[in-house]
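Below is one structure, written out as structure tokens; the observations come after it.
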Amino acid sequence: MVIKHGPNLDLTTKKKVGPPTLLLKGLIYACFGVILLIWTPFTLILDERIRMHTSLPAYIWWKSPPELLYLKAHVFNYTNTEAWFAGIDEKLNVVDLGPIVYMEYLRHTNVTFNDNSTITYVANHTTEYLPELNTIDLDDYITVPNYPLLSILSYLHDAPIFTKFAMNMLKLRLGSKVFVNVTVRDFLWNFSDPIMKLANEIVPSLVPVSNIGVLSRVYENFADVVTMYYGSESGHERFSLIDKFSGSEYLPNYKKCKDTLVNSTEGVTYSQYLTKKSVLRYWRKTICKVMELNYESDVVREGLAAYRYVVPASTFNRTYPPEDDCYKGTYSLPNGLTDLSACFFQVPLAASFPHFLHGDDIIKHYVTGLTPNESLHESFVIAEPYSGVPLEQVARSQSNLIMHKMSGFGKDISKFSETVLPMFWLEYHQIGIPSNIRVFLYIVTVLLTPLQTILIGALFFVAALYVLKFGKETAKANLNRVPFFDNRISLANVKEREGFLHSV
């Protein structure tokens with residue numbers, strides 16, 4: 001005898017199904033769980049980002065980065081020039097005047113997707129003065145060394161005596177002074193001297209510019225051809241990193257230097273899947289040097305867990321072996337100074353941290369009035385580690401004029417011998433990210449991971465229920481079914497019993 005029982009119900013549709021269907025559906029749910037376990041929505045989104053599809057937000061944001069990068073210029077006002085010349089004060093005194101705030105705009109144009117998983121484009125940098133954020137009047141006067149004059153004379157420090165004599169006569173003839181009063185505006189955008197203008201006219205190959213206004217030099221024709229990595233072939237580790245700058249892997253004018261631009265970044269974004277062992281390499285043309293940043297601590301920004309990377313204190317120090325130090329200068333500079341002359345027409349300029357932070361004691365005592373402060377003068381990047389998106393970043397550096405031994409010039413010039421004159425320092429500060437990017441990162445890095453874990457767990461749970469239901473129903477069917485062999489025995493027994501009764 002066979003006992004029948006009602007058909008099974010599907011766990012999701014409540015329709016009647018048989019055991020094979022239960023097993024099939026369990027396997028389907030399990031397959032979906034395995035697929036999502038291997039290719040999670042989180043990884044799919046980050047994989048898609050590095051492909052830089054032109055219609056997706058990642059490319060649009062990269063092509064026109066958000067307008068959140070502030071340029072803050074600080075100039076040094078020299079306050080005791082007469083007392084210094086008279087010998088009353090042993091050292092020159094400076095006062096940090098700033099910040100003078102601008103917005104920097106970056107646009108990527110002429111974008112070309114190459115066959116080798118790189119993109120070539122033109123990076124265009126421009127600025128806009130923000131009067132509402134400034135307390136300093138651009139028409140205020142400051143007293144500064146005559147940098148156009150002193151830079152030429154320091155360049156000629158080892159010239160023949162008759163050249164120096166000619167320069168002394170020319171200086172007297174044109175009435176050039178070693179200190180000048182200029183407006184903040186002219187210092188930043190239109191700073192020159194009659195000697196520099198004349199030299200530019202006579203020997204443009206040696207003096208190619210007549211204006212050394214700070215921001216004029218930085219932003220004049222600030223358009224560079226850059227090639228960067230992208231796509232699956234380059235991978236997450238090289239995404240957005242520079243392959244070539246102006247067609248070369250070497251630093252501008254440093255072709256013999258072992259330090260290259262390869263795998264650095266212009267700071268719009270960094271590689272994906274950053275770790276605490278990652279070393280970020282930041283390239284900024286104004287300091288003509290790739291700056292490395294190392295992990296310092298875990299922080300929270302914009303509601304997101306992030307890593308804080310800092311520029312090491314040794315960034316502007318001498319390196320070993322000395323012959324591989326590309327930035328030591330004509331005469332080896334002290335720790336804390338990096339030679340910039342190769343990038344600026346051989347003018348004896350040097351970069352440092354603002355206020356000579358982390359420099360050797362000798363450079364901290366060239367002038368008085370400096371107050372190095374790590375919290376105010378360091379450089380750092382705070383990045384969301386999975387995407388490499390910078391949530392906040394600050395790049396600070398100071399430019400200085402190197403005065404060599406000035407023998408052979410007049411007394412007013414020789415008084416500057418073997419010193420370093422702080423000129424100005426700049427801060428590039430990205431404050432926060434746009435709300436749409438913040439929401440996207442929050443969904444991807446905060447919400448998506450637990451949601452996908454819950455979804456994968458739910459798929460496996462439902463799959464397990466289907467398989468268990470299949471096993472249970474199959475077992476029941478086997479227990480309640482009377483085998484054919486047993487049926488034959490039962491019929492034989494009946495017939496035997498009927499024959500026995502008939503004989504009686």
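Within each chain, counting starts at residue 1; across the structure tokens, chains are named A, B, ... in the order shown, with ligands numbered 1 upward in that order.
The list of residues with at least one atom within 8 Å of range 434-450 of chain A, based on only C-alpha atoms and without residues fewer than 2 positions apart in the same chain, reads Pro41, Phe42, Pro66, Glu302, Gly303, Leu304, Tyr386, Gly432, Gln452, Thr453 and Ile454 of chain A.
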Extract, using only C-alpha atoms, all DNA, RNA and protein residues at most 9 Å from Gly329 in chain A, discarding same-chain residues fewer than 6 positions from it, and format them as a PyMOL selection string.
-> chain A and resi 338-341+348+350
Taking only C-alpha atoms into account, which of A:Glu233, A:Val462, A:Thr474, A:Gln430 comes nearest Cys31 in chain A?
->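 Once distances to Cys31 in chain A are computed over only C-alpha atoms, the minimum belongs to A:Val462.
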Per residue of range 314-384 of chain A within 12 Å of range 156-170 of chain A, note the shortest atom pair and the distance in Å to one decimal, counting only C-alpha atoms, and order the rows by chain and increasing residue number, as a tab-separated table.
residue	atom	partner	partner_atom	distance
A:Thr330	CA	A:Asp158	CA	11.2
A:Gln346	CA	A:Leu156	CA	10.6
A:Val347	CA	A:Leu156	CA	9.8
A:Pro348	CA	A:Leu156	CA	10.1
Would you save the residues from that selection as a PDB file, in the first residue's frame, using all heavy atoms?
ATOM      1  N   THR A 330      75.183  73.597  -6.552  1.00  0.00           N
ATOM      2  CA  THR A 330      76.573  73.805  -6.987  1.00  0.00           C
ATOM      3  C   THR A 330      77.547  73.499  -5.866  1.00  0.00           C
ATOM      4  O   THR A 330      78.545  72.795  -6.050  1.00  0.00           O
ATOM      5  CB  THR A 330      76.765  75.253  -7.465  1.00  0.00           C
ATOM      6  OG1 THR A 330      75.796  75.551  -8.479  1.00  0.00           O
ATOM      7  CG2 THR A 330      78.169  75.453  -8.036  1.00  0.00           C
ATOM      8  N   GLN A 346      68.775  78.168 -14.332  1.00  0.00           N
ATOM      9  CA  GLN A 346      70.016  78.167 -13.555  1.00  0.00           C
ATOM     10  C   GLN A 346      70.080  79.283 -12.505  1.00  0.00           C
ATOM     11  O   GLN A 346      71.132  79.536 -11.916  1.00  0.00           O
ATOM     12  CB  GLN A 346      71.239  78.242 -14.478  1.00  0.00           C
ATOM     13  CG  GLN A 346      71.343  77.081 -15.452  1.00  0.00           C
ATOM     14  CD  GLN A 346      71.324  75.725 -14.754  1.00  0.00           C
ATOM     15  OE1 GLN A 346      71.986  75.538 -13.740  1.00  0.00           O
ATOM     16  NE2 GLN A 346      70.549  74.781 -15.302  1.00  0.00           N
ATOM     17  N   VAL A 347      68.966  79.942 -12.251  1.00  0.00           N
ATOM     18  CA  VAL A 347      68.917  80.917 -11.160  1.00  0.00           C
ATOM     19  C   VAL A 347      69.091  80.155  -9.843  1.00  0.00           C
ATOM     20  O   VAL A 347      68.460  79.114  -9.639  1.00  0.00           O
ATOM     21  CB  VAL A 347      67.576  81.679 -11.164  1.00  0.00           C
ATOM     22  CG1 VAL A 347      67.451  82.565  -9.925  1.00  0.00           C
ATOM     23  CG2 VAL A 347      67.446  82.505 -12.434  1.00  0.00           C
ATOM     24  N   PRO A 348      69.945  80.623  -8.923  1.00  0.00           N
ATOM     25  CA  PRO A 348      70.233  79.866  -7.691  1.00  0.00           C
ATOM     26  C   PRO A 348      69.074  79.907  -6.694  1.00  0.00           C
ATOM     27  O   PRO A 348      69.107  80.625  -5.692  1.00  0.00           O
ATOM     28  CB  PRO A 348      71.483  80.554  -7.142  1.00  0.00           C
ATOM     29  CG  PRO A 348      71.405  81.953  -7.668  1.00  0.00           C
ATOM     30  CD  PRO A 348      70.772  81.845  -9.027  1.00  0.00           C
TER      31      PRO A 348
END
Find the residues around Glu67 in chain A up to 7 Å (only C-alpha atoms counted), leave out those fewer than 2 positions away in its own chain, and share them as a list in words.
->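 Residues meeting the cut-off are Pro65, Leu69 and Tyr105 of chain A.
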Writing out the chosen residues with N, CA, C and O atoms as a PDB file, in the first residue's frame:
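Wrote it out as result.pdb, contents follow:
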ATOM      1  N   PRO A  65      38.142  68.445 -12.307  1.00  0.00           N
ATOM      2  CA  PRO A  65      38.111  68.232 -10.851  1.00  0.00           C
ATOM      3  C   PRO A  65      37.312  69.326 -10.142  1.00  0.00           C
ATOM      4  O   PRO A  65      37.212  70.453 -10.634  1.00  0.00           O
ATOM      5  N   LEU A  69      40.333  73.500  -4.550  1.00  0.00           N
ATOM      6  CA  LEU A  69      41.766  73.623  -4.285  1.00  0.00           C
ATOM      7  C   LEU A  69      42.127  75.096  -4.106  1.00  0.00           C
ATOM      8  O   LEU A  69      42.055  75.881  -5.058  1.00  0.00           O
ATOM      9  N   TYR A 105      42.219  76.325 -10.532  1.00  0.00           N
ATOM     10  CA  TYR A 105      41.378  75.482 -11.365  1.00  0.00           C
ATOM     11  C   TYR A 105      42.269  74.572 -12.211  1.00  0.00           C
ATOM     12  O   TYR A 105      43.259  75.015 -12.787  1.00  0.00           O
TER      13      TYR A 105
END
Using only C-alpha atoms, which of the listed residues (A:Phe380, A:Phe113, A:Tyr250, A:Phe76) sits closest to Glu296 in chain A?
->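 Closest to Glu296 in chain A, using only C-alpha atoms: A:Phe380.
The shell of residues at most 9 Å from Leu465 in chain A, with only C-alpha atoms counted and near chain neighbours (fewer than 4 positions) removed, consists of Leu11, Gly26, Phe460, Phe461, Lys469 and Phe470 of chain A.
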I need the residues from that last selection saved to file as a compact mmCIF listing (two decimals), in the first residue's frame (with C-alpha atoms), if you can.
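Written output follows (part32.txt):
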# COMPACT_ATOMS: atom_id res chain seq x y z
CA LEU A 11 9.59 28.69 -0.36
CA GLY A 26 18.58 25.56 -4.20
CA PHE A 460 23.20 30.81 0.78
CA PHE A 461 20.57 30.58 3.54
CA LYS A 469 13.51 20.68 2.04
CA PHE A 470 14.50 18.53 -0.92
Give the helix (DSSP H, G or I) residues of range 265-467 of chain A, as DSSP finds them on the backbone, and put them as a VMD selection string.
-> chain A and resid 285 to 287 322 to 324 341 to 343 354 to 356 361 to 364 374 to 377 411 to 414 435 to 467
Write the residues of the preceding selection, restricted to C-alpha atoms, as a PDB file, in the first residue's frame.
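The resulting file, part_9.pdb, is shown below:
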ATOM      1  CA  LYS A 285      56.190  71.280 -11.170  1.00  0.00           C
ATOM      2  CA  THR A 286      56.697  74.376  -9.030  1.00  0.00           C
ATOM      3  CA  ILE A 287      59.167  72.578  -6.734  1.00  0.00           C
ATOM      4  CA  PRO A 322      76.302  62.143  -2.913  1.00  0.00           C
ATOM      5  CA  GLU A 323      76.861  61.606  -6.634  1.00  0.00           C
ATOM      6  CA  ASP A 324      73.241  60.456  -6.970  1.00  0.00           C
ATOM      7  CA  SER A 341      68.247  75.982 -10.450  1.00  0.00           C
ATOM      8  CA  ALA A 342      67.894  73.336 -13.174  1.00  0.00           C
ATOM      9  CA  CYS A 343      64.189  74.131 -13.485  1.00  0.00           C
ATOM     10  CA  PRO A 354      58.003  76.774   5.076  1.00  0.00           C
ATOM     11  CA  HIS A 355      60.020  78.648   7.712  1.00  0.00           C
ATOM     12  CA  PHE A 356      62.842  76.098   7.182  1.00  0.00           C
ATOM     13  CA  ASP A 361      70.301  74.756  12.383  1.00  0.00           C
ATOM     14  CA  ILE A 362      72.481  76.802  10.047  1.00  0.00           C
ATOM     15  CA  ILE A 363      69.632  77.663   7.677  1.00  0.00           C
ATOM     16  CA  LYS A 364      67.283  78.513  10.528  1.00  0.00           C
ATOM     17  CA  GLU A 374      54.805  71.367  12.069  1.00  0.00           C
ATOM     18  CA  SER A 375      51.025  71.737  12.191  1.00  0.00           C
ATOM     19  CA  LEU A 376      51.176  74.886  10.051  1.00  0.00           C
ATOM     20  CA  HIS A 377      54.028  73.999   7.706  1.00  0.00           C
ATOM     21  CA  LYS A 411      79.847  96.279  -0.301  1.00  0.00           C
ATOM     22  CA  ASP A 412      76.054  96.347  -0.374  1.00  0.00           C
ATOM     23  CA  ILE A 413      76.085  93.139  -2.428  1.00  0.00           C
ATOM     24  CA  SER A 414      78.931  91.342  -0.642  1.00  0.00           C
ATOM     25  CA  SER A 435      28.651  66.141  -1.757  1.00  0.00           C
ATOM     26  CA  ASN A 436      27.878  63.832  -4.693  1.00  0.00           C
ATOM     27  CA  ILE A 437      31.330  62.215  -4.461  1.00  0.00           C
ATOM     28  CA  ARG A 438      31.045  61.974  -0.681  1.00  0.00           C
ATOM     29  CA  VAL A 439      27.654  60.218  -0.960  1.00  0.00           C
ATOM     30  CA  PHE A 440      29.012  57.853  -3.611  1.00  0.00           C
ATOM     31  CA  LEU A 441      32.036  56.928  -1.473  1.00  0.00           C
ATOM     32  CA  TYR A 442      29.847  56.463   1.596  1.00  0.00           C
ATOM     33  CA  ILE A 443      27.540  54.085  -0.258  1.00  0.00           C
ATOM     34  CA  VAL A 444      30.401  52.117  -1.824  1.00  0.00           C
ATOM     35  CA  THR A 445      32.783  51.893   1.145  1.00  0.00           C
ATOM     36  CA  VAL A 446      30.445  52.041   4.157  1.00  0.00           C
ATOM     37  CA  LEU A 447      27.025  50.690   3.157  1.00  0.00           C
ATOM     38  CA  LEU A 448      27.767  48.389   0.241  1.00  0.00           C
ATOM     39  CA  THR A 449      30.134  46.019   2.057  1.00  0.00           C
ATOM     40  CA  PRO A 450      27.716  44.983   4.853  1.00  0.00           C
ATOM     41  CA  LEU A 451      24.775  44.985   2.412  1.00  0.00           C
ATOM     42  CA  GLN A 452      26.540  42.656   0.016  1.00  0.00           C
ATOM     43  CA  THR A 453      27.530  40.427   2.954  1.00  0.00           C
ATOM     44  CA  ILE A 454      23.895  40.259   4.049  1.00  0.00           C
ATOM     45  CA  LEU A 455      22.764  39.546   0.472  1.00  0.00           C
ATOM     46  CA  ILE A 456      25.338  36.769  -0.020  1.00  0.00           C
ATOM     47  CA  GLY A 457      24.404  35.254   3.349  1.00  0.00           C
ATOM     48  CA  ALA A 458      20.707  35.411   2.466  1.00  0.00           C
ATOM     49  CA  LEU A 459      21.310  33.650  -0.876  1.00  0.00           C
ATOM     50  CA  PHE A 460      23.202  30.811   0.784  1.00  0.00           C
ATOM     51  CA  PHE A 461      20.567  30.584   3.542  1.00  0.00           C
ATOM     52  CA  VAL A 462      17.692  30.239   1.040  1.00  0.00           C
ATOM     53  CA  ALA A 463      19.757  27.754  -0.975  1.00  0.00           C
ATOM     54  CA  ALA A 464      20.297  25.694   2.179  1.00  0.00           C
ATOM     55  CA  LEU A 465      16.571  25.749   2.973  1.00  0.00           C
ATOM     56  CA  TYR A 466      15.732  24.443  -0.499  1.00  0.00           C
ATOM     57  CA  VAL A 467      18.304  21.669  -0.252  1.00  0.00           C
TER      58      VAL A 467
END
